[in-house]
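Trainee: Right, I'll just put the structure down here and ask away after.
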Amino acid sequence: MKKALKTAGWILVMLILLTPLVCWSVGIRFFAVGVKTSRFVDRVDRLDGFYVAVYTHNVYTTTDEEGNTNVHFGSDMNVTDYGWKHEETSSVTPYKRFLFFSRETKAESYVLMSEDGEYCYGAFYVLRARNGMIHYYYTRYVVGTGFKLSRELIEAETIAFSYGGEEIPLIDYTRFSSRVDFTTGDKILLINGNPCRFSSP
């Protein structure tokens, strides 16, 4: 009996020691602590079935000698004369949750364009939860060539979204959640009063 208990104890100890190693080797993390492994992750949001590692950067404006307003992303310690400055999302990495485990997954990504397709208003990372809720992470920062940034995007300090006459406030200049799927193109989302459409990057 003692031998059986001792063997069971050793098996349990080995399982406890090996489980984190096996999980780590196949990309499974424990709780939110395992998600925030990179020093570059600014915060971790817990949403329906997801942990979301959020990366942020400073967004600020300066005025050039001709009086034009320019928007900048990142940090420049030498710049002290700016119009406005705050922190916004640069990108996100979502992790699907199951109990206390999580595994990295991909967010859908869309570029927000004006109705005529000429100007860009930024981009969204989109996560779809099992309960029908859709989480939208907004960023002004758009990687790619050929996008003309709208003056609204450059000059407006705060970004406000609305749908059907109701304002949809951004949480921490970052995200909102809705059961409305704006990616299909049949629902008109307004950004600072301007209609926009979702486009694949």
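Going through the structure tokens in order, the chains are called A, B, and so on, while each chain numbers its residues from 1 and the ligands are numbered from 1 in the order shown.
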Quick one: residues within 7 Å of Glu108 (chain A), only C-alpha atoms, excluding same-chain residues fewer than 2 positions away - as a ChimeraX atom specification?
Mentor: /A:106,110,125-127
Trainee: Hey, can you spit out that residue selection with N, CA and C atoms as a JSON list (two decimals), in the first residue's frame?
Mentor:
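Saved the output as result.json:
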```json
[["chain", "number", "residue", "atom", "x", "y", "z"],
["A", 106, "LYS", "N", -5.54, 34.27, -34.19],
["A", 106, "LYS", "CA", -5.41, 35.46, -35.04],
["A", 106, "LYS", "C", -6.69, 36.28, -34.98],
["A", 110, "TYR", "N", -9.11, 44.73, -40.59],
["A", 110, "TYR", "CA", -9.79, 45.51, -41.63],
["A", 110, "TYR", "C", -9.26, 46.93, -41.62],
["A", 125, "TYR", "N", -8.97, 45.61, -35.48],
["A", 125, "TYR", "CA", -8.77, 44.19, -35.23],
["A", 125, "TYR", "C", -10.08, 43.68, -34.67],
["A", 126, "VAL", "N", -10.59, 42.58, -35.22],
["A", 126, "VAL", "CA", -11.92, 42.09, -34.87],
["A", 126, "VAL", "C", -11.83, 40.69, -34.28],
["A", 127, "LEU", "N", -12.48, 40.51, -33.12],
["A", 127, "LEU", "CA", -12.55, 39.21, -32.45],
["A", 127, "LEU", "C", -14.02, 38.82, -32.28]]
```
Trainee: Any chance you could tabulate, as a Markdown table, the residues of region 48-67 of chain A at most 10 Å from region 132-156 of chain A with each one's nearest atom pair and distance in Å to one decimal, using only C-alpha atoms, in chain and rising number order?
Mentor:
```
| residue | atom | partner | partner_atom | distance |
| --- | --- | --- | --- | --- |
| A:Asp48 | CA | A:Met133 | CA | 7.9 |
| A:Val54 | CA | A:Tyr137 | CA | 9.3 |
| A:Thr56 | CA | A:Thr139 | CA | 9.3 |
| A:His57 | CA | A:Tyr141 | CA | 9.6 |
| A:Val59 | CA | A:Arg140 | CA | 8.6 |
| A:Tyr60 | CA | A:Ile154 | CA | 9.1 |
| A:Thr61 | CA | A:Ile154 | CA | 7.5 |
| A:Thr62 | CA | A:Glu155 | CA | 9.8 |
```
Trainee: Any chance you could export the current selection's N, CA and C atoms as a PDB file, in the first residue's frame?
Mentor:
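Here's the written file again-v9.pdb:
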```pdb
ATOM      1  N   ASP A  48     -14.811  37.886 -23.552  1.00  0.00           N
ATOM      2  CA  ASP A  48     -15.531  36.615 -23.685  1.00  0.00           C
ATOM      3  C   ASP A  48     -14.679  35.572 -24.402  1.00  0.00           C
ATOM      4  N   VAL A  54      -2.491  43.677 -25.497  1.00  0.00           N
ATOM      5  CA  VAL A  54      -2.635  44.956 -26.192  1.00  0.00           C
ATOM      6  C   VAL A  54      -1.296  45.681 -26.190  1.00  0.00           C
ATOM      7  N   THR A  56       0.525  49.246 -27.185  1.00  0.00           N
ATOM      8  CA  THR A  56       0.127  50.642 -27.396  1.00  0.00           C
ATOM      9  C   THR A  56       1.337  51.490 -27.791  1.00  0.00           C
ATOM     10  N   HIS A  57       1.032  52.671 -28.269  1.00  0.00           N
ATOM     11  CA  HIS A  57       2.074  53.662 -28.546  1.00  0.00           C
ATOM     12  C   HIS A  57       1.456  55.046 -28.397  1.00  0.00           C
ATOM     13  N   VAL A  59       0.321  58.638 -29.680  1.00  0.00           N
ATOM     14  CA  VAL A  59      -0.120  59.305 -30.897  1.00  0.00           C
ATOM     15  C   VAL A  59      -0.147  60.790 -30.567  1.00  0.00           C
ATOM     16  N   TYR A  60       0.501  61.596 -31.403  1.00  0.00           N
ATOM     17  CA  TYR A  60       0.537  63.035 -31.123  1.00  0.00           C
ATOM     18  C   TYR A  60       0.624  63.820 -32.422  1.00  0.00           C
ATOM     19  N   THR A  61       0.271  65.101 -32.353  1.00  0.00           N
ATOM     20  CA  THR A  61       0.310  65.959 -33.538  1.00  0.00           C
ATOM     21  C   THR A  61       1.309  67.091 -33.346  1.00  0.00           C
ATOM     22  N   THR A  62       1.886  67.508 -34.457  1.00  0.00           N
ATOM     23  CA  THR A  62       2.744  68.699 -34.479  1.00  0.00           C
ATOM     24  C   THR A  62       2.287  69.566 -35.647  1.00  0.00           C
TER      25      THR A  62
END
```
Trainee: Can you list, as a list in words, every protein, DNA or RNA residue that comes within 10 Å of Leu112 (chain A) when you count only C-alpha atoms, leaving out same-chain residues fewer than 6 positions away?
Mentor: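 Surrounding residues, per the criterion: Tyr119, Cys120, Tyr121, Gly122, Ala123, Phe124, Tyr138, Thr139, Arg140, Val142, Thr183, Leu189, Ile191, Pro195, Cys196, Arg197, Phe198, Ser199, Ser200 and Pro201 of chain A.
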Trainee: Skipping near chain neighbours, those fewer than 3 positions away, what residues fall within 6 Å of region 89-98 of chain A using only C-alpha atoms, listed as a PyMOL selection string?
Mentor: chain A and resi 49-57+101-105+139+174
Trainee: Which of these residues is nearest to Thr158 (chain A), using only C-alpha atoms: A:Asp76, A:Trp84, A:Ser109, A:Arg43?
Mentor: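 Among the listed residues, A:Trp84 lies closest to Thr158 (chain A).
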Trainee: Out of region 68-200 of chain A, which residues get strand (DSSP E or B) from DSSP, as a VMD selection string?
Mentor: chain A and resid 69 to 73 85 to 98 101 to 104 108 to 114 119 to 128 134 to 139 148 to 149 161 to 163 166 to 168 171 175 to 178 189 to 191 194 to 199
Trainee: List every residue of region 105-171 of chain A that DSSP, applied to the backbone of this structure, assigns to helix (DSSP H, G or I), and report them as a list in words.
Mentor: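 Everything in region 105-171 of chain A that counts as helix (DSSP H, G or I) is Arg151, Glu152, Leu153, Ile154 and Glu155 of chain A.
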Trainee: Could you jot down the CA of Ile188 (chain A) to CA of Ala107 (chain A) separation for me, Å, one decimal place?
Mentor: 21.5 Å
Trainee: To one decimal place, how far is CA of Asn68 (chain A) from CA of Gly83 (chain A) in Å?
Mentor: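 A separation of 11.5 Å between them.
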